[in-house]
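Q: Got a file for you: query14.txt, compact mmCIF, C-alpha atoms.
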```txt
# COMPACT_ATOMS: atom_id res chain seq x y z
CA MET G 1 8.99 -3.56 17.88
CA ALA G 2 9.05 -0.33 15.88
CA SER G 3 7.83 2.79 17.68
CA ILE G 4 5.84 5.90 16.85
CA LYS G 5 9.16 7.73 16.52
CA ASN G 6 10.23 5.23 13.85
CA CYS G 7 7.00 5.89 11.95
CA ILE G 8 7.58 9.65 12.01
CA ASP G 9 11.17 9.22 10.85
CA TRP G 10 10.03 6.97 8.01
CA ASN G 11 7.47 9.59 7.01
CA THR G 12 10.18 12.26 6.90
CA ASN G 13 12.28 9.96 4.75
CA ALA G 14 9.31 9.32 2.43
CA VAL G 15 8.85 13.05 1.87
CA ALA G 16 12.54 13.37 1.00
CA LEU G 17 12.33 10.39 -1.36
CA THR G 18 9.33 11.95 -3.11
CA LEU G 19 11.21 15.21 -3.58
CA ALA G 20 14.08 13.21 -5.07
CA GLY G 21 11.71 11.65 -7.60
CA ARG G 22 11.85 8.22 -5.96
CA LYS G 23 8.10 7.87 -5.50
CA ASP G 24 8.00 4.07 -5.48
CA GLU G 25 10.46 3.98 -2.58
CA ALA G 26 8.51 6.73 -0.83
CA ILE G 27 5.26 4.81 -1.14
CA SER G 28 6.89 1.62 0.17
CA THR G 29 8.32 3.54 3.12
CA ILE G 30 4.94 5.03 4.04
CA LYS G 31 3.27 1.62 3.76
CA LYS G 32 5.85 0.18 6.16
CA SER G 33 5.09 2.95 8.63
CA LEU G 34 1.34 2.48 8.23
CA LYS G 35 1.59 -1.22 9.10
CA VAL G 36 3.27 -0.34 12.39
CA LEU G 37 0.83 2.48 13.13
CA GLU G 38 -2.15 0.25 12.41
CA THR G 39 -0.87 -2.25 14.97
CA LEU G 40 -0.30 0.49 17.55
CA PHE G 41 -3.68 2.09 16.79
CA ASN G 42 -5.54 -1.19 17.28
CA ALA G 43 -3.59 -1.89 20.48
CA SER G 44 -4.49 1.54 21.88
CA LYS G 45 -8.18 0.95 21.11
CA GLN G 46 -7.97 -2.27 23.12
CA GLY G 47 -6.67 -0.34 26.11
CA MET G 48 -2.99 -1.23 25.79
CA GLU G 49 -0.59 1.48 26.90
CA ILE G 50 1.49 2.98 24.10
CA PRO G 51 4.62 5.01 24.99
CA GLU G 52 4.06 8.71 24.37
CA LEU G 53 6.07 10.59 21.80
CA GLN G 54 8.62 12.90 23.39
CA SER G 55 9.44 16.29 21.93
CA THR G 56 13.09 16.76 20.98
CA SER G 57 12.96 20.57 20.81
CA SER G 58 14.24 22.80 23.59
CA GLN G 59 11.93 24.95 25.68
CA GLN G 60 13.68 28.08 24.43
CA SER G 61 12.96 27.38 20.78
CA SER G 62 10.23 29.28 18.98
CA TYR G 63 6.87 27.65 18.37
CA GLN G 64 6.75 25.14 15.56
CA PRO G 65 3.52 23.53 14.36
CA PRO G 66 3.19 19.75 14.68
CA VAL G 67 3.08 19.34 10.90
CA VAL G 68 4.44 21.41 8.02
CA SER G 69 3.50 21.09 4.36
CA VAL G 70 6.20 20.40 1.80
CA PRO G 71 5.63 21.06 -1.93
CA ILE G 72 6.28 17.96 -4.01
CA ALA G 73 5.53 19.52 -7.39
CA THR G 74 6.48 22.87 -8.89
CA SER G 75 3.22 23.11 -10.82
CA THR G 76 -0.38 22.16 -10.19
CA ASN G 77 -1.03 21.74 -13.91
CA VAL G 78 -2.43 18.26 -14.43
CA ASN G 79 -4.39 16.35 -17.04
CA SER G 80 -7.76 17.46 -15.75
CA PRO G 81 -8.41 20.85 -17.40
CA ALA G 82 -12.11 21.12 -16.51
CA ASN G 83 -11.61 20.25 -12.84
CA LEU G 84 -13.29 22.57 -10.35
CA PHE G 85 -10.58 21.83 -7.80
CA THR G 86 -6.92 22.72 -7.99
CA PHE G 87 -4.82 19.74 -6.96
CA TYR G 88 -3.01 20.34 -3.65
CA PRO G 89 0.53 19.07 -4.41
CA ARG G 90 1.98 18.99 -0.91
CA MET G 91 2.90 16.31 1.62
CA PHE G 92 3.08 16.80 5.38
CA ARG G 93 6.19 16.34 7.48
CA ILE G 94 5.70 15.75 11.20
CA THR G 95 7.93 18.08 13.22
CA SER G 96 9.73 17.82 16.54
CA GLU G 97 6.72 19.51 18.16
CA ALA G 98 4.54 16.46 17.51
CA LYS G 99 4.54 15.24 21.12
CA ASP G 100 0.83 16.08 21.39
CA LEU G 101 -0.11 14.12 18.29
CA SER G 102 -2.11 10.97 18.96
CA ILE G 103 -1.64 7.80 16.95
CA SER G 104 -4.84 8.57 15.04
CA LYS G 105 -3.49 11.98 13.98
CA ILE G 106 -0.22 10.51 12.77
CA LEU G 107 -2.18 7.78 10.99
CA VAL G 108 -4.26 10.39 9.13
CA VAL G 109 -1.13 12.30 8.07
CA LEU G 110 0.53 9.16 6.72
CA LEU G 111 -2.61 8.01 4.91
CA TYR G 112 -2.84 11.44 3.30
CA ASN G 113 0.82 11.34 2.27
CA LEU G 114 0.41 7.91 0.73
CA ALA G 115 -2.67 9.10 -1.14
CA VAL G 116 -1.17 12.35 -2.44
CA ALA G 117 1.97 10.60 -3.74
CA SER G 118 -0.23 8.13 -5.62
CA HIS G 119 -2.60 10.91 -6.70
CA MET G 120 0.20 12.85 -8.34
CA ASP G 121 1.28 9.76 -10.25
CA ALA G 122 -2.27 9.21 -11.48
CA ILE G 123 -2.96 12.72 -12.73
CA THR G 124 0.37 13.15 -14.49
CA GLU G 125 -0.38 10.18 -16.73
CA GLU G 126 -1.22 11.14 -20.31
CA ILE G 127 -4.75 9.85 -19.72
CA PRO G 128 -5.48 9.48 -16.00
CA ASP G 129 -6.85 6.02 -15.24
CA PRO G 130 -10.22 6.25 -13.41
CA GLN G 131 -9.50 3.01 -11.54
CA HIS G 132 -6.18 4.40 -10.32
CA LEU G 133 -7.95 7.55 -9.12
CA LYS G 134 -10.63 5.50 -7.35
CA LYS G 135 -7.95 3.62 -5.40
CA VAL G 136 -6.40 6.94 -4.39
CA LEU G 137 -9.83 8.19 -3.37
CA GLU G 138 -10.22 5.20 -1.05
CA LEU G 139 -7.01 6.19 0.75
CA TYR G 140 -8.17 9.78 1.22
CA GLU G 141 -11.57 8.64 2.45
CA THR G 142 -9.99 6.17 4.87
CA ALA G 143 -8.00 9.05 6.35
CA MET G 144 -11.16 11.14 6.66
CA ARG G 145 -13.01 8.29 8.38
CA VAL G 146 -10.22 7.92 10.95
CA ALA G 147 -10.36 11.65 11.65
CA HIS G 148 -14.16 11.63 11.86
CA THR G 149 -14.31 8.73 14.30
CA SER G 150 -11.25 9.52 16.44
CA TRP G 151 -10.86 13.31 16.61
CA ASN G 152 -12.65 15.96 18.62
CA THR G 153 -13.02 19.63 17.67
CA ALA G 154 -9.65 20.60 19.16
CA ASP G 155 -7.94 17.82 17.20
CA ALA G 156 -9.55 19.00 13.97
CA GLU G 157 -8.46 22.57 14.59
CA GLN G 158 -4.90 21.48 15.37
CA LEU G 159 -4.63 19.67 12.03
CA LEU G 160 -6.97 21.90 10.02
CA CYS G 161 -4.37 22.11 7.25
CA VAL G 162 -4.47 18.33 6.83
CA LEU G 163 -8.28 18.20 6.76
CA LEU G 164 -8.36 20.92 4.11
CA ALA G 165 -5.81 19.08 2.00
CA LEU G 166 -7.83 15.87 2.28
CA THR G 167 -11.09 17.59 1.38
CA ASN G 168 -9.54 19.46 -1.53
CA ASN G 169 -7.96 16.41 -3.12
CA VAL G 170 -11.06 14.27 -2.57
CA GLY G 171 -12.99 16.99 -4.40
CA HIS G 172 -10.37 17.03 -7.16
CA ILE G 173 -10.90 13.32 -7.84
CA HIS G 174 -14.70 13.54 -7.67
CA SER G 175 -14.67 16.49 -10.07
CA HIS G 176 -12.39 14.63 -12.48
CA LEU G 177 -14.68 11.58 -12.36
CA LEU G 178 -17.74 13.81 -12.86
CA ASN G 179 -19.27 12.82 -9.53
CA PHE G 180 -21.30 16.02 -9.27
CA GLN G 181 -23.02 15.43 -5.93
CA GLN G 182 -19.78 14.46 -4.20
CA THR G 183 -18.07 17.45 -5.79
CA ARG G 184 -20.72 19.76 -4.31
CA GLU G 185 -20.29 18.11 -0.92
CA SER G 186 -16.52 18.59 -1.08
CA LEU G 187 -16.90 22.26 -1.99
CA SER G 188 -19.34 22.78 0.87
CA LEU G 189 -17.03 21.08 3.37
CA GLN G 190 -14.09 23.09 2.06
CA MET G 191 -15.99 26.31 2.71
CA HIS G 192 -16.84 25.15 6.23
CA LEU G 193 -13.23 24.26 7.02
CA LEU G 194 -11.84 27.49 5.58
CA ALA G 195 -14.16 29.38 7.92
CA ARG G 196 -12.39 27.64 10.84
CA ALA G 197 -9.07 29.31 10.01
CA THR G 198 -8.34 32.17 12.41
CA GLU G 199 -5.46 34.41 13.42
CA GLU G 200 -4.64 31.87 16.13
CA ASN G 201 -4.94 29.01 13.65
CA PRO G 202 -3.89 30.48 10.30
CA LEU G 203 -3.20 28.81 6.99
CA ALA G 204 -0.19 29.48 4.80
CA MET G 205 -0.86 32.08 2.11
CA GLU G 206 -0.04 29.61 -0.66
CA ASP G 207 -2.73 27.31 0.75
CA TYR G 208 -5.34 30.06 0.60
CA GLU G 209 -4.42 30.68 -3.03
CA ILE G 210 -4.97 27.03 -3.97
CA TYR G 211 -8.17 26.54 -1.98
CA PHE G 212 -9.88 29.73 -3.09
CA GLU G 213 -9.28 28.81 -6.72
CA SER G 214 -11.67 25.96 -5.95
CA VAL G 215 -14.27 27.60 -3.73
CA CYS G 216 -14.64 30.79 -5.78
CA VAL G 217 -17.08 28.91 -8.04
CA PHE G 218 -19.20 28.29 -4.97
CA LEU G 219 -19.39 31.82 -3.60
CA ASP G 220 -22.22 33.14 -5.77
CA GLY G 221 -25.39 31.86 -4.15
CA HIS G 222 -23.68 28.80 -2.63
CA ASP G 223 -24.54 26.70 -5.66
CA LEU G 224 -22.45 24.94 -8.23
CA CYS G 225 -22.73 26.35 -11.71
CA LEU G 226 -21.15 24.44 -14.57
CA ALA G 227 -22.51 26.63 -17.33
CA PRO G 228 -19.85 28.08 -19.66
CA ALA G 229 -19.24 31.80 -19.69
CA ALA G 230 -21.07 33.78 -22.34
```
Rewrite the coordinates I just gave you, this time as structure tokens.

A:
Amino acid sequence: MASIKNCIDWNTNAVALTLAGRKDEAISTIKKSLKVLETLFNASKQGMEIPELQSTSSQQSSYQPPVVSVPIATSTNVNSPANLFTFYPRMFRITSEAKDLSISKILVVLLYNLAVASHMDAITEEIPDPQHLKKVLELYETAMRVAHTSWNTADAEQLLCVLLALTNNVGHIHSHLLNFQQTRESLSLQMHLLARATEENPLAMEDYEIYFESVCVFLDGHDLCLAPAA
């Protein structure tokens, strides 16, 4: 039976395939990994013992976060000019320091990666298909449900970058589909999560740049204003 290590290796391969422009292969690879993880996740919930992931890094090596973001597009320009959110065009690679990551955390990362690869395909179409975007939204929301039901506060802080990416891209789809209430909720959650970033748990500068392009519309009075400038 395939292991957690296999799933992480497949995820790394999927990121590389996406960078090489082979998105269909990347998506198939992530789906294969998700099938294994789903089986392991359900087994763990039933009390079955799952072998822990072992770190392959040496004790002398410098600290490396459990996940790192990898840009999969050189531009965030997409066919959604009035969108309040800037699309977050990055996937996450699970590093050799992932020994503390539970199955649920790895599951969330892979669900996000599957969603963002499909999301990029949808929004680079000449006319983005709303049904395509809704299917992508379901993937993001599934990842968020897993995090909500399986993670504690420490887990959320460890993978804050993933939660922010999820929230941002969920908001991007809601804004594109003109779901105003859900867009407001995404902006509010984004503000809350950004406030959790600290010196001990920082975000990459390029992430701040993307996220604050979205939340800046929310800073004046904490309300969403869609009125055009005078």

Q: Would you please work out which residue, of G:Gly21, G:Pro66, G:Gly171, G:Pro89, is nearest to Val116 of chain G when using all atoms listed in the file?

A: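 Among the listed residues, G:Pro89 lies closest to Val116 of chain G.
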
Q: G:Thr12, G:Asn6, G:Thr124, G:Gln190: which is nearest Ser69 of chain G, counting all atoms listed in the file?

A: G:Thr12

Q: Any idea what's packed within 8 Å of Ala14 of chain G, counting all atoms listed in the file, ignoring anything in its chain fewer than 3 positions away? Could you give it as a list in words?

A: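 Counting all atoms listed in the file, the residues come to Trp10, Asn11, Leu17, Thr18, Glu25, Ala26, Ile27, Thr29 and Ile30 of chain G.
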
Q: Nearest residue to Glu209 of chain G out of G:Ser186, G:Asn179, G:Ser96, G:Thr86, using only C-alpha atoms?

A: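 Looking only at the distances to Glu209 of chain G, the closest residue turns out to be G:Thr86.
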
Q: Hey, what's within 12 Å of Leu84 of chain G if we count all atoms listed in the file and toss same-chain stuff fewer than 4 positions away? As a ChimeraX atom specification, please?

A: /G:80,168-180,183-184,186-187,210-218,224-226

Q: One decimal, Å: what's the distance from atom CA of Thr142 of chain G over to atom CA of Met205 of chain G, could you say?

A: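 Distance reported for this atom pair: 27.6 Å.
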
Q: Of the candidates G:Asn113, G:Ser33, G:Asn201, G:Gln158, which shows the shortest atom-to-atom distance to Ala143 of chain G, using only C-alpha atoms?

A: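 So, comparing all the options, the nearest one is G:Asn113.
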
Q: Of the candidates G:Val67, G:Thr153, G:Thr95, G:Leu193, which one gets nearest to Val109 of chain G if we count all atoms listed in the file?

A: G:Val67

Q: Could segment 143-164 of chain G be completed with N, CA, C and O atoms and returned as a compact mmCIF listing (two decimals), in the coordinates of the input?

A:
```
# COMPACT_ATOMS: atom_id res chain seq x y z
N ALA G 143 -8.56 8.04 5.45
CA ALA G 143 -8.00 9.05 6.35
C ALA G 143 -9.10 9.91 6.96
O ALA G 143 -9.08 10.21 8.17
N MET G 144 -10.07 10.30 6.15
CA MET G 144 -11.16 11.14 6.66
C MET G 144 -12.03 10.38 7.66
O MET G 144 -12.51 10.96 8.64
N ARG G 145 -12.23 9.08 7.43
CA ARG G 145 -13.01 8.29 8.38
C ARG G 145 -12.30 8.18 9.73
O ARG G 145 -12.93 8.26 10.79
N VAL G 146 -10.98 7.99 9.69
CA VAL G 146 -10.22 7.92 10.95
C VAL G 146 -10.36 9.23 11.71
O VAL G 146 -10.60 9.23 12.93
N ALA G 147 -10.22 10.35 11.00
CA ALA G 147 -10.36 11.65 11.65
C ALA G 147 -11.77 11.83 12.22
O ALA G 147 -11.95 12.31 13.34
N HIS G 148 -12.77 11.44 11.44
CA HIS G 148 -14.16 11.63 11.86
C HIS G 148 -14.49 10.82 13.11
O HIS G 148 -15.22 11.29 13.99
N THR G 149 -13.96 9.62 13.19
CA THR G 149 -14.31 8.73 14.30
C THR G 149 -13.40 8.89 15.52
O THR G 149 -13.77 8.47 16.62
N SER G 150 -12.23 9.49 15.34
CA SER G 150 -11.25 9.52 16.44
C SER G 150 -10.94 10.92 16.97
O SER G 150 -10.39 11.04 18.06
N TRP G 151 -11.26 11.96 16.21
CA TRP G 151 -10.86 13.31 16.61
C TRP G 151 -12.02 14.07 17.22
O TRP G 151 -13.18 13.87 16.86
N ASN G 152 -11.67 14.99 18.14
CA ASN G 152 -12.65 15.96 18.62
C ASN G 152 -12.40 17.30 17.93
O ASN G 152 -11.54 17.40 17.05
N THR G 153 -13.13 18.32 18.33
CA THR G 153 -13.02 19.63 17.67
C THR G 153 -11.62 20.20 17.79
O THR G 153 -11.07 20.75 16.82
N ALA G 154 -11.01 20.07 18.96
CA ALA G 154 -9.65 20.60 19.16
C ALA G 154 -8.65 19.88 18.25
O ALA G 154 -7.73 20.51 17.71
N ASP G 155 -8.82 18.58 18.09
CA ASP G 155 -7.94 17.82 17.20
C ASP G 155 -8.06 18.33 15.77
O ASP G 155 -7.06 18.52 15.06
N ALA G 156 -9.31 18.54 15.34
CA ALA G 156 -9.55 19.00 13.97
C ALA G 156 -8.94 20.38 13.74
O ALA G 156 -8.39 20.65 12.67
N GLU G 157 -9.03 21.24 14.74
CA GLU G 157 -8.46 22.57 14.59
C GLU G 157 -6.93 22.52 14.57
O GLU G 157 -6.29 23.28 13.85
N GLN G 158 -6.35 21.61 15.35
CA GLN G 158 -4.90 21.48 15.37
C GLN G 158 -4.35 21.05 14.01
O GLN G 158 -3.30 21.52 13.57
N LEU G 159 -5.08 20.17 13.33
CA LEU G 159 -4.63 19.67 12.03
C LEU G 159 -5.60 20.11 10.92
O LEU G 159 -5.89 19.35 10.00
N LEU G 160 -6.06 21.35 11.03
CA LEU G 160 -6.97 21.90 10.02
C LEU G 160 -6.35 21.84 8.63
O LEU G 160 -7.02 21.55 7.64
N CYS G 161 -5.05 22.12 8.55
CA CYS G 161 -4.37 22.11 7.25
C CYS G 161 -4.45 20.74 6.59
O CYS G 161 -4.59 20.64 5.35
N VAL G 162 -4.40 19.68 7.38
CA VAL G 162 -4.47 18.33 6.83
C VAL G 162 -5.90 18.03 6.36
O VAL G 162 -6.10 17.45 5.28
N LEU G 163 -6.89 18.43 7.16
CA LEU G 163 -8.28 18.20 6.76
C LEU G 163 -8.61 18.94 5.47
O LEU G 163 -9.32 18.42 4.60
N LEU G 164 -8.11 20.16 5.34
CA LEU G 164 -8.36 20.92 4.11
C LEU G 164 -7.70 20.25 2.91
O LEU G 164 -8.30 20.18 1.82
```
